[in-house]
file my_file-v7.pdb (PDB, C-alpha atoms)
ATOM      1  CA  MET A   4       0.000   0.000   0.000  1.00  0.00           C
ATOM      2  CA  ASP A   5       1.266   3.476  -0.881  1.00  0.00           C
ATOM      3  CA  ALA A   6       1.137   6.187   1.785  1.00  0.00           C
ATOM      4  CA  PRO A   7      -0.840   9.374   1.174  1.00  0.00           C
ATOM      5  CA  PRO A   8       1.104  12.592   0.646  1.00  0.00           C
ATOM      6  CA  PRO A   9       1.576  14.528   3.905  1.00  0.00           C
ATOM      7  CA  ILE A  10      -0.812  17.296   2.819  1.00  0.00           C
ATOM      8  CA  GLY A  11      -3.473  14.671   2.017  1.00  0.00           C
ATOM      9  CA  GLY A  12      -3.137  12.431   5.049  1.00  0.00           C
ATOM     10  CA  HIS A  13      -5.740  11.838   7.756  1.00  0.00           C
ATOM     11  CA  LEU A  14      -8.721  13.305   5.913  1.00  0.00           C
ATOM     12  CA  PRO A  15     -12.012  13.112   7.827  1.00  0.00           C
ATOM     13  CA  GLY A  16     -15.036  11.230   6.571  1.00  0.00           C
ATOM     14  CA  VAL A  17     -15.292   9.487   3.241  1.00  0.00           C
ATOM     15  CA  PHE A  18     -15.394  10.591  -0.385  1.00  0.00           C
ATOM     16  CA  LYS A  19     -17.190  13.977  -0.579  1.00  0.00           C
ATOM     17  CA  GLU A  20     -16.331  14.952   3.010  1.00  0.00           C
ATOM     18  CA  ALA A  21     -12.695  13.955   2.509  1.00  0.00           C
ATOM     19  CA  SER A  22     -12.499  15.825  -0.798  1.00  0.00           C
ATOM     20  CA  ASP A  23     -13.985  18.982   0.744  1.00  0.00           C
ATOM     21  CA  ALA A  24     -11.567  18.747   3.690  1.00  0.00           C
ATOM     22  CA  PHE A  25      -8.600  18.340   1.327  1.00  0.00           C
ATOM     23  CA  ASP A  26      -9.729  21.359  -0.714  1.00  0.00           C
ATOM     24  CA  GLN A  27      -9.961  23.490   2.438  1.00  0.00           C
ATOM     25  CA  ARG A  28      -6.571  22.254   3.697  1.00  0.00           C
ATOM     26  CA  VAL A  29      -4.894  23.182   0.395  1.00  0.00           C
ATOM     27  CA  LYS A  30      -6.590  26.603   0.257  1.00  0.00           C
ATOM     28  CA  GLN A  31      -5.469  27.377   3.810  1.00  0.00           C
ATOM     29  CA  ARG A  32      -1.895  26.224   3.226  1.00  0.00           C
ATOM     30  CA  PHE A  33      -1.545  27.925  -0.191  1.00  0.00           C
ATOM     31  CA  ALA A  34      -3.831  30.941  -0.035  1.00  0.00           C
ATOM     32  CA  ILE A  35      -4.334  33.174  -3.043  1.00  0.00           C
ATOM     33  CA  GLY A  36      -1.334  35.488  -3.242  1.00  0.00           C
ATOM     34  CA  THR A  37       1.136  32.869  -1.977  1.00  0.00           C
ATOM     35  CA  ASP A  38       4.352  32.626  -3.985  1.00  0.00           C
ATOM     36  CA  GLU A  39       3.853  29.853  -6.550  1.00  0.00           C
ATOM     37  CA  ALA A  40       7.432  28.644  -5.975  1.00  0.00           C
ATOM     38  CA  VAL A  41       6.450  27.694  -2.398  1.00  0.00           C
ATOM     39  CA  LEU A  42       3.579  25.564  -3.735  1.00  0.00           C
ATOM     40  CA  ARG A  43       5.732  23.910  -6.404  1.00  0.00           C
ATOM     41  CA  GLY A  44       8.511  23.209  -3.886  1.00  0.00           C
ATOM     42  CA  GLU A  45       6.185  21.482  -1.440  1.00  0.00           C
ATOM     43  CA  LEU A  46       4.476  19.489  -4.172  1.00  0.00           C
ATOM     44  CA  ALA A  47       7.866  18.288  -5.444  1.00  0.00           C
ATOM     45  CA  ARG A  48       8.906  17.208  -1.915  1.00  0.00           C
ATOM     46  CA  GLU A  49       5.639  15.289  -1.559  1.00  0.00           C
ATOM     47  CA  LYS A  50       6.134  13.571  -4.953  1.00  0.00           C
ATOM     48  CA  PHE A  51       3.178  15.127  -6.789  1.00  0.00           C
ATOM     49  CA  VAL A  52       3.394  15.091 -10.589  1.00  0.00           C
ATOM     50  CA  VAL A  53       2.871  18.608 -11.977  1.00  0.00           C
ATOM     51  CA  LYS A  54       1.731  19.323 -15.522  1.00  0.00           C
ATOM     52  CA  ARG A  55       0.335  22.212 -17.515  1.00  0.00           C
ATOM     53  CA  ASP A  56      -3.416  21.713 -17.955  1.00  0.00           C
ATOM     54  CA  PRO A  57      -4.758  23.787 -20.871  1.00  0.00           C
ATOM     55  CA  GLY A  58      -8.183  22.070 -20.842  1.00  0.00           C
ATOM     56  CA  SER A  59      -8.891  23.039 -17.248  1.00  0.00           C
ATOM     57  CA  PRO A  60      -9.959  26.274 -15.556  1.00  0.00           C
ATOM     58  CA  PHE A  61      -6.567  25.987 -13.821  1.00  0.00           C
ATOM     59  CA  SER A  62      -3.256  26.442 -15.635  1.00  0.00           C
ATOM     60  CA  PHE A  63      -1.516  23.643 -13.736  1.00  0.00           C
ATOM     61  CA  THR A  64      -2.534  20.371 -12.136  1.00  0.00           C
ATOM     62  CA  ALA A  65      -0.552  18.330  -9.631  1.00  0.00           C
ATOM     63  CA  THR A  66      -1.561  14.745  -8.920  1.00  0.00           C
ATOM     64  CA  TYR A  67      -0.532  12.083  -6.449  1.00  0.00           C
ATOM     65  CA  THR A  68      -1.818   8.525  -6.734  1.00  0.00           C
ATOM     66  CA  ALA A  69      -1.638   5.833  -4.060  1.00  0.00           C
ATOM     67  CA  ASN A  70      -2.479   2.228  -4.818  1.00  0.00           C
ATOM     68  CA  GLU A  71      -3.740  -0.333  -2.334  1.00  0.00           C
ATOM     69  CA  LEU A  72      -4.655  -3.931  -2.936  1.00  0.00           C
ATOM     70  CA  VAL A  73      -8.120  -3.212  -4.372  1.00  0.00           C
ATOM     71  CA  CYS A  74      -8.329   0.590  -4.150  1.00  0.00           C
ATOM     72  CA  ARG A  75      -6.725   3.595  -5.772  1.00  0.00           C
ATOM     73  CA  ALA A  76      -6.687   7.068  -4.225  1.00  0.00           C
ATOM     74  CA  ASP A  77      -5.974  10.285  -6.126  1.00  0.00           C
ATOM     75  CA  TRP A  78      -5.171  13.703  -4.696  1.00  0.00           C
ATOM     76  CA  ARG A  79      -5.326  16.541  -7.244  1.00  0.00           C
ATOM     77  CA  ILE A  80      -4.452  20.201  -6.848  1.00  0.00           C
ATOM     78  CA  GLY A  81      -5.154  22.729  -9.595  1.00  0.00           C
ATOM     79  CA  TRP A  82      -4.018  26.339  -9.689  1.00  0.00           C
ATOM     80  CA  SER A  83      -3.370  29.356 -11.868  1.00  0.00           C
ATOM     81  CA  GLU A  84      -0.704  31.942 -11.264  1.00  0.00           C
ATOM     82  CA  PHE A  85      -0.219  35.594 -12.086  1.00  0.00           C
ATOM     83  CA  ALA A  86       3.129  37.359 -11.654  1.00  0.00           C
ATOM     84  CA  GLY A  87       4.533  34.402  -9.709  1.00  0.00           C
ATOM     85  CA  LYS A  88       1.682  34.348  -7.183  1.00  0.00           C
ATOM     86  CA  ILE A  89      -1.210  31.894  -6.834  1.00  0.00           C
ATOM     87  CA  ALA A  90      -4.283  33.496  -8.434  1.00  0.00           C
ATOM     88  CA  THR A  91      -6.751  30.600  -8.062  1.00  0.00           C
ATOM     89  CA  ILE A  92      -6.461  27.204  -6.395  1.00  0.00           C
ATOM     90  CA  GLY A  93      -8.619  24.183  -5.709  1.00  0.00           C
ATOM     91  CA  ALA A  94      -8.162  20.547  -4.778  1.00  0.00           C
ATOM     92  CA  ASP A  95     -10.034  17.276  -4.713  1.00  0.00           C
ATOM     93  CA  TYR A  96      -9.612  13.739  -3.483  1.00  0.00           C
ATOM     94  CA  ALA A  97     -11.096  10.618  -5.032  1.00  0.00           C
ATOM     95  CA  GLU A  98     -10.950   6.937  -4.153  1.00  0.00           C
ATOM     96  CA  ILE A  99     -11.932   4.079  -6.414  1.00  0.00           C
ATOM     97  CA  CYS A 100     -12.257   0.521  -5.126  1.00  0.00           C
ATOM     98  CA  LEU A 101     -13.062  -2.674  -6.990  1.00  0.00           C
TER
END
call {"tool": "encode", "arguments": {"input": "my_file-v7.pdb", "output": "structure tokens"}}
result
Amino acid sequence: MDAPPPIGGHLPGVFKEASDAFDQRVKQRFAIGTDEAVLRGELAREKFVVKRDPGSPFSFTATYTANELVCRADWRIGWSEFAGKIATIGADYAEICL
């Protein structure tokens, strides 16, 4: 079993509640106006994969996937930046089990 990333660990509830809690945690940690380099640095340390996301309302998406025996969990953070600062940010968590 893969461990969750530190920012995504110990989420309360299941599915929707956990996703909402993750979104709030990310928005508190990386508030609008935060230096984007701080966000990118932490995501790199936590092993998120960052990519440009032109089809999304966000410019960038970072994902982390953990696999268990019969389940897969995904943490996703999306953001846009302006002048090196976070302009918009949002996150979600999803779990799929067989």
call {"tool": "residues_near_point", "arguments": {"input": "my_file-v7.pdb", "point": "(1.9, 28.8, -1.6)", "cutoff": "12 Å", "atoms": "all atoms listed in the file", "output": "compact mmCIF listing (two decimals) with C-alpha atoms, keeping the file's coordinate frame"}}
result
# COMPACT_ATOMS: atom_id res chain seq x y z
CA ARG A 28 -6.57 22.25 3.70
CA VAL A 29 -4.89 23.18 0.40
CA LYS A 30 -6.59 26.60 0.26
CA GLN A 31 -5.47 27.38 3.81
CA ARG A 32 -1.90 26.22 3.23
CA PHE A 33 -1.54 27.92 -0.19
CA ALA A 34 -3.83 30.94 -0.04
CA ILE A 35 -4.33 33.17 -3.04
CA GLY A 36 -1.33 35.49 -3.24
CA THR A 37 1.14 32.87 -1.98
CA ASP A 38 4.35 32.63 -3.98
CA GLU A 39 3.85 29.85 -6.55
CA ALA A 40 7.43 28.64 -5.98
CA VAL A 41 6.45 27.69 -2.40
CA LEU A 42 3.58 25.56 -3.74
CA ARG A 43 5.73 23.91 -6.40
CA GLY A 44 8.51 23.21 -3.89
CA GLU A 45 6.18 21.48 -1.44
CA LEU A 46 4.48 19.49 -4.17
CA ILE A 80 -4.45 20.20 -6.85
CA TRP A 82 -4.02 26.34 -9.69
CA SER A 83 -3.37 29.36 -11.87
CA GLU A 84 -0.70 31.94 -11.26
CA GLY A 87 4.53 34.40 -9.71
CA LYS A 88 1.68 34.35 -7.18
CA ILE A 89 -1.21 31.89 -6.83
CA ALA A 90 -4.28 33.50 -8.43
CA THR A 91 -6.75 30.60 -8.06
CA ILE A 92 -6.46 27.20 -6.40
call {"tool": "resolve_selection", "arguments": {"input": "my_file-v7.pdb", "expression": "the PyMOL selection byres ((chain A and resi 77) around 8)", "output": "ChimeraX atom specification"}}
result
/A:66-69,75-76,78-79,96-98
call {"tool": "atom_distance", "arguments": {"input": "my_file-v7.pdb", "atom1": "CA of Gly81 (chain A)", "atom2": "CA of Ala65 (chain A)"}}
result
6.4 Å
call {"tool": "atom_distance", "arguments": {"input": "my_file-v7.pdb", "atom1": "CA of Pro7 (chain A)", "atom2": "CA of Ala21 (chain A)"}}
result
12.8 Å
call {"tool": "atom_distance", "arguments": {"input": "my_file-v7.pdb", "atom1": "CA of Asn70 (chain A)", "atom2": "CA of Ser22 (chain A)"}}
result
17.4 Å
call {"tool": "closest_residue", "arguments": {"input": "my_file-v7.pdb", "among": "A:Thr64, A:Leu72, A:Ala86, A:Pro9", "to": "Leu101 (chain A)", "atoms": "all atoms listed in the file"}}
result
A:Leu72
call {"tool": "closest_residue", "arguments": {"input": "my_file-v7.pdb", "among": "A:Glu71, A:Pro15, A:Lys50, A:Phe85", "to": "Gln27 (chain A)", "atoms": "only C-alpha atoms"}}
result
A:Pro15
call {"tool": "build_atoms", "arguments": {"input": "my_file-v7.pdb", "residues": "region 31-42 of chain A", "atoms": "all heavy atoms", "output": "PDB file, in the frame of the given file"}}
result
ATOM      1  N   GLN A  31      -6.046  26.732   2.622  1.00  0.00           N
ATOM      2  CA  GLN A  31      -5.469  27.377   3.810  1.00  0.00           C
ATOM      3  C   GLN A  31      -3.950  27.409   3.728  1.00  0.00           C
ATOM      4  O   GLN A  31      -3.330  28.410   4.060  1.00  0.00           O
ATOM      5  CB  GLN A  31      -5.911  26.652   5.083  1.00  0.00           C
ATOM      6  CG  GLN A  31      -7.354  26.887   5.422  1.00  0.00           C
ATOM      7  CD  GLN A  31      -7.828  26.038   6.595  1.00  0.00           C
ATOM      8  OE1 GLN A  31      -7.121  25.168   7.091  1.00  0.00           O
ATOM      9  NE2 GLN A  31      -9.053  26.299   7.031  1.00  0.00           N
ATOM     10  N   ARG A  32      -3.355  26.316   3.286  1.00  0.00           N
ATOM     11  CA  ARG A  32      -1.895  26.224   3.226  1.00  0.00           C
ATOM     12  C   ARG A  32      -1.316  27.096   2.114  1.00  0.00           C
ATOM     13  O   ARG A  32      -0.252  27.684   2.254  1.00  0.00           O
ATOM     14  CB  ARG A  32      -1.483  24.761   3.022  1.00  0.00           C
ATOM     15  CG  ARG A  32      -0.017  24.515   2.769  1.00  0.00           C
ATOM     16  CD  ARG A  32       0.832  24.823   3.991  1.00  0.00           C
ATOM     17  NE  ARG A  32       2.230  24.617   3.725  1.00  0.00           N
ATOM     18  CZ  ARG A  32       3.062  25.558   3.256  1.00  0.00           C
ATOM     19  NH1 ARG A  32       2.621  26.759   3.019  1.00  0.00           N
ATOM     20  NH2 ARG A  32       4.331  25.277   3.046  1.00  0.00           N
ATOM     21  N   PHE A  33      -2.022  27.178   0.975  1.00  0.00           N
ATOM     22  CA  PHE A  33      -1.545  27.925  -0.191  1.00  0.00           C
ATOM     23  C   PHE A  33      -2.607  28.939  -0.611  1.00  0.00           C
ATOM     24  O   PHE A  33      -3.232  28.813  -1.658  1.00  0.00           O
ATOM     25  CB  PHE A  33      -1.234  26.974  -1.351  1.00  0.00           C
ATOM     26  CG  PHE A  33      -0.228  25.923  -0.987  1.00  0.00           C
ATOM     27  CD1 PHE A  33      -0.616  24.601  -0.814  1.00  0.00           C
ATOM     28  CD2 PHE A  33       1.099  26.248  -0.806  1.00  0.00           C
ATOM     29  CE1 PHE A  33       0.301  23.626  -0.475  1.00  0.00           C
ATOM     30  CE2 PHE A  33       2.035  25.278  -0.469  1.00  0.00           C
ATOM     31  CZ  PHE A  33       1.634  23.965  -0.298  1.00  0.00           C
ATOM     32  N   ALA A  34      -2.803  29.925   0.218  1.00  0.00           N
ATOM     33  CA  ALA A  34      -3.831  30.941  -0.035  1.00  0.00           C
ATOM     34  C   ALA A  34      -3.509  31.729  -1.296  1.00  0.00           C
ATOM     35  O   ALA A  34      -2.342  31.818  -1.718  1.00  0.00           O
ATOM     36  CB  ALA A  34      -3.920  31.884   1.157  1.00  0.00           C
ATOM     37  N   ILE A  35      -4.532  32.295  -1.888  1.00  0.00           N
ATOM     38  CA  ILE A  35      -4.334  33.174  -3.043  1.00  0.00           C
ATOM     39  C   ILE A  35      -3.346  34.268  -2.637  1.00  0.00           C
ATOM     40  O   ILE A  35      -3.448  34.826  -1.552  1.00  0.00           O
ATOM     41  CB  ILE A  35      -5.685  33.743  -3.515  1.00  0.00           C
ATOM     42  CG1 ILE A  35      -6.520  32.606  -4.094  1.00  0.00           C
ATOM     43  CG2 ILE A  35      -5.486  34.868  -4.524  1.00  0.00           C
ATOM     44  CD1 ILE A  35      -7.920  32.977  -4.473  1.00  0.00           C
ATOM     45  N   GLY A  36      -2.379  34.508  -3.513  1.00  0.00           N
ATOM     46  CA  GLY A  36      -1.334  35.488  -3.242  1.00  0.00           C
ATOM     47  C   GLY A  36      -0.036  34.881  -2.750  1.00  0.00           C
ATOM     48  O   GLY A  36       1.000  35.536  -2.698  1.00  0.00           O
ATOM     49  N   THR A  37      -0.075  33.578  -2.395  1.00  0.00           N
ATOM     50  CA  THR A  37       1.136  32.869  -1.977  1.00  0.00           C
ATOM     51  C   THR A  37       2.073  32.740  -3.178  1.00  0.00           C
ATOM     52  O   THR A  37       1.628  32.549  -4.311  1.00  0.00           O
ATOM     53  CB  THR A  37       0.782  31.470  -1.445  1.00  0.00           C
ATOM     54  OG1 THR A  37      -0.082  31.602  -0.325  1.00  0.00           O
ATOM     55  CG2 THR A  37       2.021  30.680  -1.050  1.00  0.00           C
ATOM     56  N   ASP A  38       3.357  32.811  -2.938  1.00  0.00           N
ATOM     57  CA  ASP A  38       4.352  32.626  -3.985  1.00  0.00           C
ATOM     58  C   ASP A  38       4.191  31.227  -4.586  1.00  0.00           C
ATOM     59  O   ASP A  38       4.199  30.232  -3.861  1.00  0.00           O
ATOM     60  CB  ASP A  38       5.746  32.799  -3.372  1.00  0.00           C
ATOM     61  CG  ASP A  38       6.851  32.841  -4.402  1.00  0.00           C
ATOM     62  OD1 ASP A  38       6.680  32.300  -5.519  1.00  0.00           O
ATOM     63  OD2 ASP A  38       7.899  33.418  -4.088  1.00  0.00           O
ATOM     64  N   GLU A  39       4.050  31.145  -5.898  1.00  0.00           N
ATOM     65  CA  GLU A  39       3.853  29.853  -6.550  1.00  0.00           C
ATOM     66  C   GLU A  39       5.049  28.924  -6.337  1.00  0.00           C
ATOM     67  O   GLU A  39       4.889  27.702  -6.259  1.00  0.00           O
ATOM     68  CB  GLU A  39       3.600  30.025  -8.052  1.00  0.00           C
ATOM     69  CG  GLU A  39       3.283  28.705  -8.717  1.00  0.00           C
ATOM     70  CD  GLU A  39       3.407  28.714 -10.225  1.00  0.00           C
ATOM     71  OE1 GLU A  39       4.082  29.590 -10.779  1.00  0.00           O
ATOM     72  OE2 GLU A  39       2.831  27.801 -10.832  1.00  0.00           O
ATOM     73  N   ALA A  40       6.241  29.466  -6.195  1.00  0.00           N
ATOM     74  CA  ALA A  40       7.432  28.644  -5.975  1.00  0.00           C
ATOM     75  C   ALA A  40       7.321  27.849  -4.669  1.00  0.00           C
ATOM     76  O   ALA A  40       7.822  26.724  -4.581  1.00  0.00           O
ATOM     77  CB  ALA A  40       8.681  29.512  -5.966  1.00  0.00           C
ATOM     78  N   VAL A  41       6.662  28.400  -3.665  1.00  0.00           N
ATOM     79  CA  VAL A  41       6.450  27.694  -2.398  1.00  0.00           C
ATOM     80  C   VAL A  41       5.563  26.475  -2.649  1.00  0.00           C
ATOM     81  O   VAL A  41       5.856  25.371  -2.175  1.00  0.00           O
ATOM     82  CB  VAL A  41       5.828  28.636  -1.343  1.00  0.00           C
ATOM     83  CG1 VAL A  41       5.412  27.870  -0.101  1.00  0.00           C
ATOM     84  CG2 VAL A  41       6.796  29.747  -0.998  1.00  0.00           C
ATOM     85  N   LEU A  42       4.480  26.658  -3.389  1.00  0.00           N
ATOM     86  CA  LEU A  42       3.579  25.564  -3.735  1.00  0.00           C
ATOM     87  C   LEU A  42       4.325  24.489  -4.521  1.00  0.00           C
ATOM     88  O   LEU A  42       4.294  23.313  -4.164  1.00  0.00           O
ATOM     89  CB  LEU A  42       2.397  26.086  -4.551  1.00  0.00           C
ATOM     90  CG  LEU A  42       1.487  25.040  -5.199  1.00  0.00           C
ATOM     91  CD1 LEU A  42       0.782  24.195  -4.167  1.00  0.00           C
ATOM     92  CD2 LEU A  42       0.485  25.721  -6.126  1.00  0.00           C
TER      93      LEU A  42
END
